[in-house]
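Remarks on the structure that follows.
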Amino acid sequence: MQFGAEGETFVLHPYDNDTAAAIANYVGTTTWQLPIYHYDDFEDWEVMQYYDIPSSYEIPDNAESITSEQGGTVYYSDPNRIILFYQDAEVSGDYTLVGYFDYTEEFVTAVEENPVLEGWGNKLIIVSASE
């Protein structure tokens with residue numbers, strides 16, 4: 001995953017479940033460029049971001065309630081949304097585990113400093129299969 005069109009690449013370590021497998025399968029066939037329209041105006045934006053996946057992708061959901069999470073953890077949330085915790089968090093939600101990123105200073109900085117696209121007013125992440 002890249003935060004911004006020219007950002008450093010960070011590797012997602014997927015968990016062994018149907019949700020992670022479905023996402024990996026789809027990303028293995030096409031690169032996702034997902035816009036982030038709300039990056040600083042929703043509840044818990046200081047610790048998490050969410051990225052909407054096109055509704056044409058069918059992703060299995062096996063949500064469980066969580067109340068806290070470590071930075072770097074990635075979840076799926078119905079309908080078709082990837083949730084990334086980039087800071088440790090005390091939250092309440094129903095999510096399906098997808099995987100995690102190595103939680104490093106470089107990772108947090110990349111998420112926080114992902115630039116707003118000039119002329120667009122949103123940020124962009126790029127999700128692709130590893131080479």
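By order in the structure tokens, chains are A, B, ...; within a chain, residues start at 1; ligands start at 1, following the order shown.
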
Give me, as a count of residues only, the residues of stretch 76-111 of chain A that a backbone DSSP run labels alpha helix (DSSP H). 7

Sorted by chain and rising residue number, list the residues of stretch 46-108 of chain A at most 9 Å from stretch 2-16 of chain A (counting only C-alpha atoms), each with its closest atom pair and distance in Å to one decimal, as JSON lines.
```
{"residue": "A:Val74", "atom": "CA", "partner": "A:Leu12", "partner_atom": "CA", "distance": 8.5}
{"residue": "A:Leu97", "atom": "CA", "partner": "A:Tyr15", "partner_atom": "CA", "distance": 7.2}
{"residue": "A:Val98", "atom": "CA", "partner": "A:Tyr15", "partner_atom": "CA", "distance": 5.6}
{"residue": "A:Gly99", "atom": "CA", "partner": "A:Pro14", "partner_atom": "CA", "distance": 4.0}
{"residue": "A:Tyr100", "atom": "CA", "partner": "A:His13", "partner_atom": "CA", "distance": 5.3}
{"residue": "A:Phe101", "atom": "CA", "partner": "A:Leu12", "partner_atom": "CA", "distance": 5.0}
{"residue": "A:Asp102", "atom": "CA", "partner": "A:Val11", "partner_atom": "CA", "distance": 7.9}
{"residue": "A:Phe107", "atom": "CA", "partner": "A:Phe10", "partner_atom": "CA", "distance": 7.3}
```

Now that the selection is made, can you save its residues with N, CA and C atoms as a short mmCIF file (atom, residue, chain, number, x, y, z; two decimals), in the first residue's frame?
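Contents of again-v2.cif, freshly written:
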```
data_model
loop_
_atom_site.label_atom_id
_atom_site.label_comp_id
_atom_site.auth_asym_id
_atom_site.auth_seq_id
_atom_site.Cartn_x
_atom_site.Cartn_y
_atom_site.Cartn_z
N VAL A 74 -5.49 -3.64 10.34
CA VAL A 74 -6.41 -3.36 9.24
C VAL A 74 -7.63 -4.27 9.38
N LEU A 97 -11.13 -8.73 10.94
CA LEU A 97 -9.68 -8.60 10.79
C LEU A 97 -9.24 -8.95 9.37
N VAL A 98 -8.34 -8.15 8.83
CA VAL A 98 -7.77 -8.40 7.51
C VAL A 98 -6.28 -8.67 7.63
N GLY A 99 -5.57 -7.85 8.41
CA GLY A 99 -4.13 -8.01 8.53
C GLY A 99 -3.54 -6.85 9.31
N TYR A 100 -2.23 -6.67 9.14
CA TYR A 100 -1.56 -5.59 9.86
C TYR A 100 -0.34 -5.12 9.08
N PHE A 101 0.04 -3.89 9.35
CA PHE A 101 1.28 -3.31 8.86
C PHE A 101 2.26 -3.27 10.02
N ASP A 102 3.55 -3.38 9.73
CA ASP A 102 4.54 -3.17 10.77
C ASP A 102 4.37 -1.74 11.27
N PHE A 107 5.78 4.41 9.00
CA PHE A 107 4.42 4.08 8.62
C PHE A 107 3.44 5.17 9.08
#
```

Close residues, A:Pro60 itself excluded, 9 Å, only C-alpha atoms, min 6 positions apart in chain, as a list in words: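 In the requested format, the answer is Asp18, Thr19, Ala20, Ala22 and Asp78 of chain A.
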
Which parts of chain A does DSSP call strand (DSSP E or B) when run on the backbone here, written out as a PyMOL selection string? chain A and resi 2-3+9+12-14+32-36+48-52+64-69+73-77+81-85+89-101+123-127

Considering only C-alpha atoms, return as a list in words whatever protein or nucleic-acid residues lie within 8 Å of A:Ser92, sequence-local ones (same chain, fewer than 4 positions apart) excluded. Ser65, Ile66, Thr67 and Ser68 of chain A

Which residues, written as a PyMOL selection string, have at least one atom at most 9 Å from A:Gly121, with only C-alpha atoms counted and residues fewer than 4 positions away on the same chain left out? chain A and resi 37+116-117

Excluding A:Thr31 and its own-chain neighbours fewer than 6 positions away, which residues fall within 8 Å of it when counting only C-alpha atoms? Please give them as a PyMOL selection string. chain A and resi 126-129

Counting only C-alpha atoms, which of A:Asp88, A:Asp52, A:Glu69, A:Asp94 gets nearest to A:Ile125?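 So, comparing all the options, the nearest one is A:Asp52.
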
Nearest residue to A:Val111 out of A:Tyr95, A:Trp32, A:Phe85, A:Tyr75, using only C-alpha atoms? A:Phe85
